[in-house]
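Visitor: Input file: model_29.cif. Contents: mmCIF, C-alpha atoms.
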```
data_run
#
loop_
_atom_site.label_atom_id
_atom_site.label_comp_id
_atom_site.auth_asym_id
_atom_site.auth_seq_id
_atom_site.Cartn_x
_atom_site.Cartn_y
_atom_site.Cartn_z
CA MET A 1 -4.42 -1.58 -2.18
CA ALA A 2 -6.01 1.84 -2.58
CA THR A 3 -9.22 3.71 -2.13
CA THR A 4 -12.26 2.74 -4.14
CA SER A 5 -13.71 6.16 -3.44
CA SER A 6 -13.50 9.07 -1.03
CA ALA A 7 -15.45 12.22 -0.32
CA ALA A 8 -14.89 15.44 1.62
CA VAL A 9 -17.62 17.81 2.79
CA SER A 10 -17.40 20.94 4.95
CA HIS A 11 -20.25 23.12 6.23
CA VAL A 12 -20.09 26.39 8.16
CA GLY A 13 -22.71 25.20 10.69
CA ARG A 14 -25.86 26.86 11.97
CA ILE A 15 -24.34 29.75 13.90
CA ARG A 16 -20.83 30.55 12.69
CA SER A 17 -20.41 33.24 10.06
CA ASN A 18 -17.19 31.77 8.62
CA ASN A 19 -15.76 28.30 8.19
CA GLN A 20 -12.59 27.72 10.19
CA ASP A 21 -12.36 24.05 9.20
CA SER A 22 -10.20 22.84 6.31
CA ALA A 23 -9.78 19.44 4.73
CA TYR A 24 -7.80 17.80 1.98
CA ALA A 25 -8.73 14.59 0.15
CA GLY A 26 -6.00 13.39 -2.19
CA SER A 27 -4.80 10.21 -3.84
CA HIS A 28 -2.90 8.86 -0.83
CA LEU A 29 -3.30 11.50 1.88
CA PHE A 30 -6.39 12.76 3.71
CA LEU A 31 -6.46 15.47 6.38
CA VAL A 32 -8.95 17.40 8.53
CA ALA A 33 -7.93 20.59 10.37
CA ASP A 34 -10.17 22.51 12.77
CA GLY A 35 -8.98 26.09 13.18
CA MET A 36 -9.09 27.92 16.49
CA GLY A 37 -8.63 31.47 17.61
CA GLY A 38 -11.94 32.91 16.47
CA HIS A 39 -11.30 36.25 14.82
CA ALA A 40 -7.58 35.77 15.40
CA GLY A 41 -7.40 33.59 12.30
CA GLY A 42 -8.56 30.03 12.88
CA ASP A 43 -9.54 29.87 9.23
CA VAL A 44 -6.06 30.95 8.17
CA ALA A 45 -4.41 28.42 10.48
CA SER A 46 -6.39 25.43 9.21
CA ALA A 47 -5.94 26.48 5.57
CA ILE A 48 -2.17 26.89 5.94
CA VAL A 49 -1.83 23.47 7.54
CA ALA A 50 -4.05 21.72 4.98
CA GLN A 51 -2.28 23.27 2.02
CA ARG A 52 1.20 22.59 3.42
CA VAL A 53 0.50 19.00 4.45
CA ALA A 54 -1.12 18.30 1.06
CA GLU A 55 2.38 18.51 -0.41
CA ALA A 56 3.06 15.15 1.27
CA ASP A 57 0.41 13.44 -0.88
CA GLN A 58 2.79 11.08 -2.65
CA THR A 59 3.52 7.40 -3.15
CA TYR A 60 5.73 5.98 -0.39
CA SER A 61 7.79 2.81 -0.45
CA SER A 62 7.04 1.96 3.18
CA PRO A 63 4.75 3.00 6.04
CA HIS A 64 7.82 4.21 7.93
CA ASP A 65 8.67 6.64 5.16
CA ALA A 66 5.06 7.85 5.02
CA GLU A 67 4.95 8.28 8.80
CA PHE A 68 8.14 10.35 8.76
CA ALA A 69 6.91 12.46 5.84
CA LEU A 70 3.48 13.15 7.37
CA GLN A 71 4.93 14.07 10.74
CA SER A 72 7.55 16.28 9.10
CA ALA A 73 4.86 18.02 7.04
CA LEU A 74 2.87 18.81 10.18
CA ILE A 75 5.94 20.17 11.96
CA ALA A 76 6.74 22.28 8.90
CA ALA A 77 3.16 23.55 8.86
CA ASN A 78 3.50 24.46 12.53
CA SER A 79 6.62 26.50 11.75
CA LEU A 80 4.77 28.16 8.88
CA LEU A 81 2.04 29.23 11.29
CA ALA A 82 4.63 30.82 13.58
CA GLU A 83 6.16 32.67 10.62
CA THR A 84 2.74 33.88 9.54
CA VAL A 85 2.01 35.25 13.01
CA PHE A 86 5.40 37.00 13.02
CA GLU A 87 4.49 38.72 9.75
CA HIS A 88 0.86 39.38 10.73
CA SER A 89 0.70 40.16 14.45
CA GLU A 90 -3.08 40.48 14.27
CA LEU A 91 -3.16 36.68 13.90
CA THR A 92 -1.47 36.08 17.25
CA GLY A 93 -3.09 33.14 18.99
CA MET A 94 -4.31 31.32 15.91
CA GLY A 95 -4.00 27.56 15.87
CA THR A 96 -5.54 24.38 14.56
CA THR A 97 -6.02 20.70 15.17
CA ALA A 98 -4.86 18.25 12.51
CA SER A 99 -5.78 14.61 11.92
CA GLY A 100 -4.54 12.85 8.82
CA ILE A 101 -3.93 9.48 7.21
CA VAL A 102 -1.71 8.21 4.39
CA LEU A 103 -2.44 4.99 2.49
CA VAL A 104 0.58 2.77 1.87
CA GLY A 105 -0.37 -0.57 0.36
CA GLY A 106 -2.36 -2.54 2.90
CA GLN A 107 -1.47 -0.19 5.74
CA ILE A 108 -2.50 3.25 6.92
CA VAL A 109 -0.33 5.82 8.63
CA VAL A 110 -2.13 8.01 11.17
CA ALA A 111 -0.96 11.39 12.50
CA HIS A 112 -3.01 13.39 14.99
CA ILE A 113 -2.97 16.43 17.27
CA GLY A 114 -5.99 18.11 18.90
CA ASP A 115 -9.60 16.94 19.14
CA SER A 116 -10.53 16.22 15.55
CA ARG A 117 -11.01 12.47 15.18
CA ILE A 118 -10.30 9.47 12.99
CA TYR A 119 -12.60 6.45 13.03
CA ARG A 120 -12.52 3.08 11.31
CA LEU A 121 -15.63 1.09 10.44
CA ARG A 122 -14.84 -2.60 9.98
CA GLY A 123 -17.35 -5.43 9.89
CA GLY A 124 -20.09 -3.20 11.27
CA THR A 125 -17.98 -2.09 14.27
CA LEU A 126 -16.93 1.56 14.62
CA GLU A 127 -13.63 2.20 16.38
CA GLN A 128 -12.19 5.56 17.37
CA ILE A 129 -8.56 5.43 16.29
CA THR A 130 -7.33 8.73 17.75
CA ALA A 131 -7.45 10.01 21.32
CA ASP A 132 -8.58 13.58 21.99
CA HIS A 133 -5.84 15.84 23.33
CA THR A 134 -8.23 17.56 25.71
CA PHE A 135 -8.32 18.29 29.41
CA VAL A 136 -11.42 16.16 29.97
CA GLN A 137 -9.90 13.21 28.11
CA ARG A 138 -7.03 13.29 30.57
CA LEU A 139 -9.54 13.26 33.39
CA VAL A 140 -11.24 10.25 31.79
CA ASP A 141 -7.94 8.46 31.24
CA SER A 142 -6.98 9.01 34.89
CA GLY A 143 -10.37 7.73 36.07
CA ARG A 144 -11.40 11.05 37.60
CA ILE A 145 -14.59 11.34 35.52
CA THR A 146 -16.62 9.11 33.24
CA PRO A 147 -16.97 9.58 29.46
CA GLU A 148 -20.60 10.60 30.08
CA GLU A 149 -19.47 13.32 32.50
CA ALA A 150 -16.81 14.44 30.01
CA ALA A 151 -19.48 15.03 27.36
CA VAL A 152 -21.11 17.76 29.48
CA HIS A 153 -18.07 18.97 31.41
CA PRO A 154 -17.71 22.78 31.38
CA ARG A 155 -14.03 22.38 30.43
CA ARG A 156 -14.60 19.89 27.64
CA SER A 157 -13.27 22.39 25.08
CA VAL A 158 -9.87 22.93 26.65
CA LEU A 159 -7.21 21.50 24.34
CA MET A 160 -3.84 20.38 25.61
CA ARG A 161 -2.10 20.14 22.22
CA VAL A 162 -2.48 22.15 18.99
CA LEU A 163 -0.53 23.39 16.02
CA GLY A 164 0.09 27.12 16.14
CA ASP A 165 2.36 29.82 17.49
CA VAL A 166 2.33 28.23 20.94
CA ASP A 167 4.91 25.45 20.65
CA ALA A 168 7.86 25.18 18.27
CA ALA A 169 7.96 21.39 18.66
CA PRO A 170 4.41 20.12 19.24
CA GLU A 171 3.95 16.47 20.16
CA ILE A 172 2.13 14.66 17.34
CA ASP A 173 0.70 11.17 17.78
CA THR A 174 1.54 8.77 14.94
CA LYS A 175 0.84 5.09 14.37
CA VAL A 176 0.71 2.53 11.59
CA LEU A 177 -2.35 0.31 11.27
CA ASP A 178 -3.42 -2.46 8.93
CA THR A 179 -6.37 -1.89 6.66
CA ARG A 180 -8.30 -4.20 4.39
CA PRO A 181 -10.83 -4.03 1.56
CA GLY A 182 -14.23 -3.06 2.90
CA ASP A 183 -12.87 -0.81 5.65
CA ARG A 184 -14.43 2.63 5.77
CA TRP A 185 -12.38 5.40 7.37
CA LEU A 186 -13.81 8.64 8.72
CA LEU A 187 -11.93 11.84 9.50
CA CYS A 188 -13.98 14.63 11.10
CA SER A 189 -13.81 17.83 13.08
CA ASP A 190 -15.52 18.05 16.44
CA GLY A 191 -18.44 19.74 14.73
CA LEU A 192 -19.55 16.16 14.05
CA SER A 193 -18.23 14.16 17.02
CA SER A 194 -19.47 16.64 19.63
CA TYR A 195 -23.07 16.58 18.41
CA VAL A 196 -23.62 13.16 16.83
CA SER A 197 -23.18 10.01 18.92
CA ASP A 198 -20.88 7.18 17.86
CA GLU A 199 -23.95 4.99 17.41
CA ARG A 200 -25.49 7.41 14.91
CA ILE A 201 -22.16 7.86 13.14
CA ALA A 202 -21.86 4.08 12.75
CA ALA A 203 -25.45 3.86 11.49
CA ALA A 204 -24.83 6.57 8.88
CA LEU A 205 -21.64 4.92 7.67
CA GLN A 206 -23.30 1.51 7.40
CA SER A 207 -26.54 2.67 5.77
CA THR A 208 -24.91 4.39 2.78
CA THR A 209 -23.09 2.71 -0.07
CA SER A 210 -21.03 5.55 -1.52
CA ALA A 211 -18.45 7.65 0.32
CA GLN A 212 -20.14 10.85 -0.91
CA ALA A 213 -23.55 9.77 0.39
CA ALA A 214 -22.02 8.84 3.75
CA ALA A 215 -20.27 12.20 4.08
CA ASP A 216 -23.42 14.12 3.13
CA ARG A 217 -25.48 12.07 5.60
CA LEU A 218 -23.08 12.74 8.48
CA VAL A 219 -23.03 16.49 7.86
CA LYS A 220 -26.84 16.50 7.68
CA ASP A 221 -27.05 14.56 10.96
CA SER A 222 -24.82 17.12 12.63
CA LEU A 223 -26.89 20.05 11.36
CA ASP A 224 -30.12 18.28 12.32
CA HIS A 225 -28.77 18.07 15.87
CA GLY A 226 -28.39 21.86 15.86
CA ALA A 227 -24.59 21.86 15.63
CA PRO A 228 -23.46 25.50 15.90
CA ASP A 229 -19.87 24.67 14.97
CA ASN A 230 -18.31 24.15 11.58
CA VAL A 231 -18.54 20.49 10.58
CA THR A 232 -16.09 18.79 8.24
CA VAL A 233 -16.11 15.14 7.18
CA ILE A 234 -13.91 12.94 4.99
CA VAL A 235 -15.00 9.38 4.21
CA VAL A 236 -12.47 6.99 2.67
CA ASP A 237 -13.44 3.55 1.36
CA ILE A 238 -10.75 0.90 0.97
CA GLY A 239 -10.96 -1.24 -2.15
CA ASP A 240 -9.01 -4.03 -3.82
CA SER A 241 -7.22 -2.05 -6.52
CA ASP A 242 -3.56 -1.08 -6.24
CA ASP A 243 -4.23 2.03 -8.29
CA PRO A 244 -5.15 5.06 -6.15
CA ALA A 245 -8.14 7.19 -7.03
CA PRO A 246 -6.46 10.37 -8.35
CA GLN A 247 -7.82 13.56 -6.85
CA HIS A 248 -6.65 16.78 -5.26
CA LEU A 249 -9.60 18.24 -3.36
CA PHE A 250 -9.65 21.01 -0.75
CA VAL A 251 -12.79 21.95 1.19
CA GLY A 252 -13.52 24.54 3.87
CA SER A 253 -11.15 27.47 4.32
CA ALA A 254 -8.38 25.75 2.39
CA ALA A 255 -10.52 25.82 -0.75
CA ALA A 256 -10.32 29.63 -0.89
CA PRO A 257 -7.31 31.93 -1.25
CA LEU A 258 -5.70 32.93 2.04
CA SER A 259 -6.95 36.30 3.29
CA PHE A 260 -5.11 38.43 5.86
CA GLU A 261 -7.43 41.14 7.10
CA GLY A 262 -6.35 44.34 8.70
CA GLU A 263 -5.81 44.65 12.40
CA SER A 264 -9.09 46.48 12.84
CA ALA A 265 -10.95 43.42 11.63
CA ARG A 266 -9.09 41.01 13.89
CA ARG A 267 -8.11 41.28 17.50
CA PRO A 268 -5.22 39.50 19.18
CA ILE A 269 -6.32 36.70 21.44
CA ARG A 270 -4.54 35.31 24.49
CA LEU A 271 -3.38 31.71 24.53
CA PRO A 272 -5.91 30.51 27.11
CA THR A 273 -8.68 31.76 24.85
CA LEU A 274 -7.10 29.90 21.94
CA LEU A 275 -7.36 26.64 23.81
CA LEU A 276 -11.03 27.17 24.48
CA HIS A 277 -12.90 26.29 21.30
CA PRO A 278 -14.52 29.54 20.14
CA LEU A 279 -17.94 27.97 19.64
CA LYS A 280 -18.25 25.75 22.64
CA ALA A 281 -17.00 28.48 24.93
CA SER A 282 -17.57 31.85 23.33
CA GLN A 283 -17.07 33.43 26.75
CA PRO A 284 -14.02 31.57 28.09
CA GLU A 285 -13.91 30.81 31.78
CA ASP A 286 -10.79 31.02 33.92
CA ALA A 287 -8.79 32.74 31.19
CA HIS A 288 -5.91 33.26 33.66
CA PHE A 289 -4.82 29.65 33.16
CA GLU A 290 -1.79 29.16 30.95
CA PRO A 291 -1.74 25.63 29.46
CA GLU A 292 1.95 25.64 28.61
CA ARG A 293 2.89 26.51 32.20
CA GLU A 294 4.00 23.71 34.50
CA GLY A 295 1.22 22.70 36.85
CA TYR A 296 -1.55 23.92 34.55
CA LEU A 297 -3.30 20.55 34.42
CA GLU A 298 -3.23 20.21 38.20
CA GLU A 299 -4.69 23.71 38.56
CA LEU A 300 -7.53 22.76 36.21
CA ILE A 301 -8.13 19.60 38.24
CA GLN A 302 -8.26 21.63 41.45
CA GLU A 303 -10.59 24.14 39.80
CA ASP A 304 -12.77 21.24 38.67
CA ARG A 305 -12.89 19.92 42.22
CA ARG A 306 -13.91 23.35 43.51
CA ARG A 307 -16.64 23.51 40.88
CA ALA A 308 -17.86 20.05 41.88
CA MET A 309 -17.86 21.10 45.54
CA ARG A 310 -19.85 24.24 44.73
CA ARG A 311 -22.29 22.13 42.76
CA ARG A 312 -22.71 19.70 45.68
CA ILE A 313 -23.21 22.57 48.13
CA THR A 314 -25.78 24.14 45.81
CA TRP A 315 -27.68 20.86 45.55
CA LEU A 316 -27.47 20.42 49.34
CA VAL A 317 -28.93 23.89 49.89
CA VAL A 318 -31.69 23.16 47.37
CA VAL A 319 -32.51 19.86 49.09
CA VAL A 320 -32.52 21.48 52.54
CA LEU A 321 -34.79 24.27 51.32
CA ALA A 322 -37.11 21.76 49.66
CA ILE A 323 -37.30 19.73 52.86
CA ALA A 324 -37.96 22.91 54.85
CA VAL A 325 -40.79 23.86 52.50
CA ILE A 326 -42.29 20.38 52.74
CA VAL A 327 -42.03 20.31 56.55
CA THR A 328 -43.54 23.81 56.80
CA THR A 329 -46.39 22.80 54.50
CA VAL A 330 -47.05 19.67 56.54
CA VAL A 331 -47.00 21.56 59.86
CA VAL A 332 -49.25 24.34 58.60
CA GLY A 333 -51.58 21.82 57.00
CA TYR A 334 -51.78 19.75 60.17
CA GLN A 335 -52.47 22.82 62.27
CA TRP A 336 -55.30 23.72 59.92
CA THR A 337 -56.83 20.25 60.29
CA GLN A 338 -56.77 20.65 64.07
CA SER A 339 -58.92 23.76 63.80
CA ARG A 340 -61.75 21.66 62.30
CA TYR A 341 -64.44 19.69 64.24
CA TYR A 342 -67.13 17.14 63.48
CA VAL A 343 -69.62 14.97 65.37
CA GLY A 344 -69.43 11.19 65.17
CA VAL A 345 -69.55 7.98 67.17
CA ASP A 346 -67.13 6.85 69.88
CA HIS A 347 -67.84 3.47 71.49
CA GLY A 348 -71.53 3.73 70.81
CA ARG A 349 -71.90 7.28 72.08
CA VAL A 350 -72.09 10.65 70.37
CA ALA A 351 -68.68 12.36 70.43
CA VAL A 352 -67.06 15.55 69.22
CA PHE A 353 -63.93 14.97 67.12
CA ARG A 354 -61.14 17.44 66.48
CA GLY A 355 -59.54 17.34 63.02
CA VAL A 356 -60.67 16.02 59.66
CA GLN A 357 -61.94 12.58 58.74
CA GLN A 358 -59.05 11.62 56.42
CA ASN A 359 -55.95 9.63 57.33
CA ILE A 360 -52.50 9.76 55.70
CA GLY A 361 -51.24 6.22 55.91
CA PRO A 362 -50.87 5.39 59.61
CA ILE A 363 -51.27 9.05 60.59
CA HIS A 364 -54.75 9.94 61.91
CA LEU A 365 -55.77 13.52 61.30
CA SER A 366 -58.52 13.49 63.93
CA SER A 367 -58.94 12.62 67.59
CA VAL A 368 -61.76 12.50 70.14
CA TYR A 369 -62.22 15.90 71.72
CA GLN A 370 -65.21 15.03 73.93
CA THR A 371 -67.38 11.94 74.35
CA THR A 372 -70.94 12.65 75.51
CA THR A 373 -73.38 10.47 77.47
CA ILE A 374 -75.75 10.31 74.51
CA GLU A 375 -76.19 6.74 73.34
CA VAL A 376 -76.41 6.56 69.56
CA ALA A 377 -78.97 3.76 69.91
CA ASP A 378 -81.32 6.21 71.70
CA LEU A 379 -81.47 8.55 68.66
CA PRO A 380 -84.22 8.39 66.04
CA ALA A 381 -83.21 6.30 63.00
CA PHE A 382 -82.50 9.33 60.76
CA TYR A 383 -80.23 11.03 63.31
CA ARG A 384 -78.62 7.76 64.29
CA GLU A 385 -77.56 7.18 60.67
CA SER A 386 -76.42 10.80 60.29
CA VAL A 387 -74.15 10.59 63.34
CA ARG A 388 -72.67 7.33 62.12
CA ASN A 389 -71.83 9.08 58.82
CA THR A 390 -70.50 12.04 60.87
CA LEU A 391 -71.83 15.59 60.92
CA GLY A 392 -69.46 18.37 59.92
CA ALA A 393 -69.20 21.55 61.99
CA ASP A 394 -67.82 25.00 61.24
CA ASP A 395 -66.04 25.19 64.60
CA LEU A 396 -66.16 23.85 68.15
CA ARG A 397 -69.18 25.99 69.08
CA ASP A 398 -71.08 24.65 66.09
CA ALA A 399 -70.14 21.07 67.03
CA LEU A 400 -71.40 21.53 70.60
CA ALA A 401 -74.64 23.00 69.24
CA ILE A 402 -75.13 19.86 67.13
CA VAL A 403 -74.59 17.75 70.26
CA ASP A 404 -77.30 19.74 72.09
CA ARG A 405 -79.78 19.11 69.29
CA LEU A 406 -78.95 15.42 69.30
CA SER A 407 -79.41 15.35 73.06
CA ASN A 408 -82.88 16.81 72.63
CA GLN A 409 -83.70 14.23 69.97
CA ALA A 410 -82.54 11.42 72.26
CA GLY A 411 -84.75 12.78 75.06
CA ASP A 412 -87.74 13.02 72.74
CA GLN A 413 -87.15 9.46 71.59
CA GLN A 414 -87.24 8.21 75.13
#
```
Output the structure of this file as structure tokens.
Guide:
Amino acid sequence: MATTSSAAVSHVGRIRSNNQDSAYAGSHLFLVADGMGGHAGGDVASAIVAQRVAEADQTYSSPHDAEFALQSALIAANSLLAETVFEHSELTGMGTTASGIVLVGGQIVVAHIGDSRIYRLRGGTLEQITADHTFVQRLVDSGRITPEEAAVHPRRSVLMRVLGDVDAAPEIDTKVLDTRPGDRWLLCSDGLSSYVSDERIAAALQSTTSAQAAADRLVKDSLDHGAPDNVTVIVVDIGDSDDPAPQHLFVGSAAAPLSFEGESARRPIRLPTLLLHPLKASQPEDAHFEPEREGYLEELIQEDRRRAMRRRITWLVVVVLAIAVIVTTVVVGYQWTQSRYYVGVDHGRVAVFRGVQQNIGPIHLSSVYQTTTIEVADLPAFYRESVRNTLGADDLRDALAIVDRLSNQAGDQQ
């Protein structure tokens, strides 16, 4: 069983000036690498890994052999990165993720390190095959935060595993999975997965017939969502034929000759900055953390707790201030109402009321200030109706003057 078709597309994104992603689409092997290190050579790192691992694009007699070969190629690429840094010190701190697959008959070998992803679409259901090697994914796995919180977490870009000059023996996840005709596999950098939801990815994969159209659609969706990062996509369709589709395609940085710029053009970058994706966190926070140091994860968890506590305190202060403003407004407003007066009826007699004639639910904003001896029934019809509808006054003196006039009218009526 082999691919019916495959496609690889890489785009620099809407903000980045250079493409630090690399990808390789071959006859049996497919790989996506997302370089890190910013100006310290993320593009070089991903290109070196893609070009070295591409040498493992061969026919294998068993999935076990392919798994060993792919893992060995990644370890060799990691050593090559360390050698490159030794020869070019200006590249210190460069690194890359790597997610690849090898087709062996009716099975697929998966190898993965970092936060690039591999998905499988089968029968209309999209499944994420790899797990992100990120700080927030560990928090999710331990139940400390939800996947929704992870998507907006300020530390979502901190990687716990990468290829680079940081670890001579990096831990690489590998597995062997079954595949069948009709399966559609997707390999992508986080320039896609961080900006396009799984639902939209599934819709794009299902709504296109060719691998090339699917890859183009996914890159467009990422750019339409304003993705600032490089975005790289490989789509692999599984067919019935035992003959692989022969190709040897590089995209992204790996498609161009390696370029080692002078030290003036690149600046060394510390490891903590390496592990903060240069686009998601262009100004790294808490750069004093050292991921390879024992206790680093616990320190990040404690720092996350402190951040959450600060956030809760901030919200509490905001709520208290809002309540204070509301209470002050209510008190001032009520005091203003109590400076107003009007003339109305109280138990059949003319009375002076303090306040305004509106009520707020069960709260009355007026009360009887003084009830007079003037019977409303003794007033002429016009004045009687006016009092029943209430007569507004500018102040207490004005209200008492109205009462005097009504008293005179009542006397005249009698």
Visitor: Return the single residue from A:Glu199, A:Asp229, A:Asp165, A:Asp115 that is closest to Ser89 of chain A, with distances computed using all atoms listed in the file.
Guide: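 Using all atoms listed in the file, Ser89 of chain A sits closest to A:Asp165.
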Visitor: Each side padded by 8 Å, which centre and which edge lengths in Å (one decimal) define the axis-aligned box around the listed atoms of segment 384-401 of chain A? Give them as AutoDock Vina command-line options.
Guide:
```
--center_x -72.3 --center_y 16.6 --center_z 64.7 --size_x 28.6 --size_y 34.8 --size_z 27.8
```
Visitor: Given the PyMOL selection byres ((chain A and resi 103-109) around 8) and the file above, list the residues it selects as a PyMOL selection string.
Guide: chain A and resi 1-2+28-29+59-63+66-67+101-102+110-111+174-180+242
Visitor: Have a look at atom CA of Ser253 of chain A and atom CA of Val44 of chain A and let me know their distance in Å, one decimal.
Guide: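 Spanning atom CA of Ser253 of chain A to atom CA of Val44 of chain A is a straight-line distance of 7.3 Å.
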Visitor: Applying 12 Å and all atoms listed in the file, which residues near Ser189 of chain A remain after dropping the ones on its own chain fewer than 4 positions away? List them as a PyMOL selection string.
Guide: chain A and resi 8-13+19-23+31-36+46+96-100+112-119+132+193-196+218-219+222+227+229-234+252+277
Visitor: Put those residues in a file: C-alpha atoms, as a PDB file, in the frame of the given file.
Guide:
```pdb
ATOM      1  CA  ALA A   8     -14.890  15.440   1.620  1.00  0.00           C
ATOM      2  CA  VAL A   9     -17.620  17.810   2.790  1.00  0.00           C
ATOM      3  CA  SER A  10     -17.400  20.940   4.950  1.00  0.00           C
ATOM      4  CA  HIS A  11     -20.250  23.120   6.230  1.00  0.00           C
ATOM      5  CA  VAL A  12     -20.090  26.390   8.160  1.00  0.00           C
ATOM      6  CA  GLY A  13     -22.710  25.200  10.690  1.00  0.00           C
ATOM      7  CA  ASN A  19     -15.760  28.300   8.190  1.00  0.00           C
ATOM      8  CA  GLN A  20     -12.590  27.720  10.190  1.00  0.00           C
ATOM      9  CA  ASP A  21     -12.360  24.050   9.200  1.00  0.00           C
ATOM     10  CA  SER A  22     -10.200  22.840   6.310  1.00  0.00           C
ATOM     11  CA  ALA A  23      -9.780  19.440   4.730  1.00  0.00           C
ATOM     12  CA  LEU A  31      -6.460  15.470   6.380  1.00  0.00           C
ATOM     13  CA  VAL A  32      -8.950  17.400   8.530  1.00  0.00           C
ATOM     14  CA  ALA A  33      -7.930  20.590  10.370  1.00  0.00           C
ATOM     15  CA  ASP A  34     -10.170  22.510  12.770  1.00  0.00           C
ATOM     16  CA  GLY A  35      -8.980  26.090  13.180  1.00  0.00           C
ATOM     17  CA  MET A  36      -9.090  27.920  16.490  1.00  0.00           C
ATOM     18  CA  SER A  46      -6.390  25.430   9.210  1.00  0.00           C
ATOM     19  CA  THR A  96      -5.540  24.380  14.560  1.00  0.00           C
ATOM     20  CA  THR A  97      -6.020  20.700  15.170  1.00  0.00           C
ATOM     21  CA  ALA A  98      -4.860  18.250  12.510  1.00  0.00           C
ATOM     22  CA  SER A  99      -5.780  14.610  11.920  1.00  0.00           C
ATOM     23  CA  GLY A 100      -4.540  12.850   8.820  1.00  0.00           C
ATOM     24  CA  HIS A 112      -3.010  13.390  14.990  1.00  0.00           C
ATOM     25  CA  ILE A 113      -2.970  16.430  17.270  1.00  0.00           C
ATOM     26  CA  GLY A 114      -5.990  18.110  18.900  1.00  0.00           C
ATOM     27  CA  ASP A 115      -9.600  16.940  19.140  1.00  0.00           C
ATOM     28  CA  SER A 116     -10.530  16.220  15.550  1.00  0.00           C
ATOM     29  CA  ARG A 117     -11.010  12.470  15.180  1.00  0.00           C
ATOM     30  CA  ILE A 118     -10.300   9.470  12.990  1.00  0.00           C
ATOM     31  CA  TYR A 119     -12.600   6.450  13.030  1.00  0.00           C
ATOM     32  CA  ASP A 132      -8.580  13.580  21.990  1.00  0.00           C
ATOM     33  CA  SER A 193     -18.230  14.160  17.020  1.00  0.00           C
ATOM     34  CA  SER A 194     -19.470  16.640  19.630  1.00  0.00           C
ATOM     35  CA  TYR A 195     -23.070  16.580  18.410  1.00  0.00           C
ATOM     36  CA  VAL A 196     -23.620  13.160  16.830  1.00  0.00           C
ATOM     37  CA  LEU A 218     -23.080  12.740   8.480  1.00  0.00           C
ATOM     38  CA  VAL A 219     -23.030  16.490   7.860  1.00  0.00           C
ATOM     39  CA  SER A 222     -24.820  17.120  12.630  1.00  0.00           C
ATOM     40  CA  ALA A 227     -24.590  21.860  15.630  1.00  0.00           C
ATOM     41  CA  ASP A 229     -19.870  24.670  14.970  1.00  0.00           C
ATOM     42  CA  ASN A 230     -18.310  24.150  11.580  1.00  0.00           C
ATOM     43  CA  VAL A 231     -18.540  20.490  10.580  1.00  0.00           C
ATOM     44  CA  THR A 232     -16.090  18.790   8.240  1.00  0.00           C
ATOM     45  CA  VAL A 233     -16.110  15.140   7.180  1.00  0.00           C
ATOM     46  CA  ILE A 234     -13.910  12.940   4.990  1.00  0.00           C
ATOM     47  CA  GLY A 252     -13.520  24.540   3.870  1.00  0.00           C
ATOM     48  CA  HIS A 277     -12.900  26.290  21.300  1.00  0.00           C
TER      49      HIS A 277
END
```
Visitor: Please evaluate the PyMOL selection byres ((chain A and resi 337) around 10) against the displayed coordinates and give the resulting residues as an MDAnalysis selection string.
Guide: chainID A and resid 331:336 338:341 354:358 365:366
Visitor: As a short mmCIF file (atom, residue, chain, number, x, y, z; two decimals), keeping the file's coordinate frame, could you write out segment 233-242 of chain A once it has been completed with N, CA and C atoms?
Guide:
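Result file is part.cif:
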```cif
data_model
loop_
_atom_site.label_atom_id
_atom_site.label_comp_id
_atom_site.auth_asym_id
_atom_site.auth_seq_id
_atom_site.Cartn_x
_atom_site.Cartn_y
_atom_site.Cartn_z
N VAL A 233 -16.13 16.60 7.21
CA VAL A 233 -16.11 15.14 7.18
C VAL A 233 -15.37 14.66 5.94
N ILE A 234 -14.50 13.67 6.12
CA ILE A 234 -13.91 12.94 4.99
C ILE A 234 -14.22 11.47 5.19
N VAL A 235 -14.74 10.82 4.18
CA VAL A 235 -15.00 9.38 4.21
C VAL A 235 -14.12 8.72 3.15
N VAL A 236 -13.39 7.69 3.57
CA VAL A 236 -12.47 6.99 2.67
C VAL A 236 -12.83 5.51 2.67
N ASP A 237 -13.14 4.97 1.51
CA ASP A 237 -13.44 3.55 1.36
C ASP A 237 -12.22 2.82 0.81
N ILE A 238 -11.90 1.69 1.40
CA ILE A 238 -10.75 0.90 0.97
C ILE A 238 -11.22 -0.20 0.02
N GLY A 239 -10.59 -0.24 -1.15
CA GLY A 239 -10.96 -1.24 -2.15
C GLY A 239 -9.83 -2.21 -2.44
N ASP A 240 -9.98 -3.00 -3.48
CA ASP A 240 -9.01 -4.03 -3.82
C ASP A 240 -7.92 -3.55 -4.77
N SER A 241 -8.15 -2.49 -5.48
CA SER A 241 -7.22 -2.05 -6.52
C SER A 241 -5.94 -1.49 -5.92
N ASP A 242 -4.83 -1.67 -6.64
CA ASP A 242 -3.56 -1.08 -6.24
C ASP A 242 -3.38 0.32 -6.83
#
```
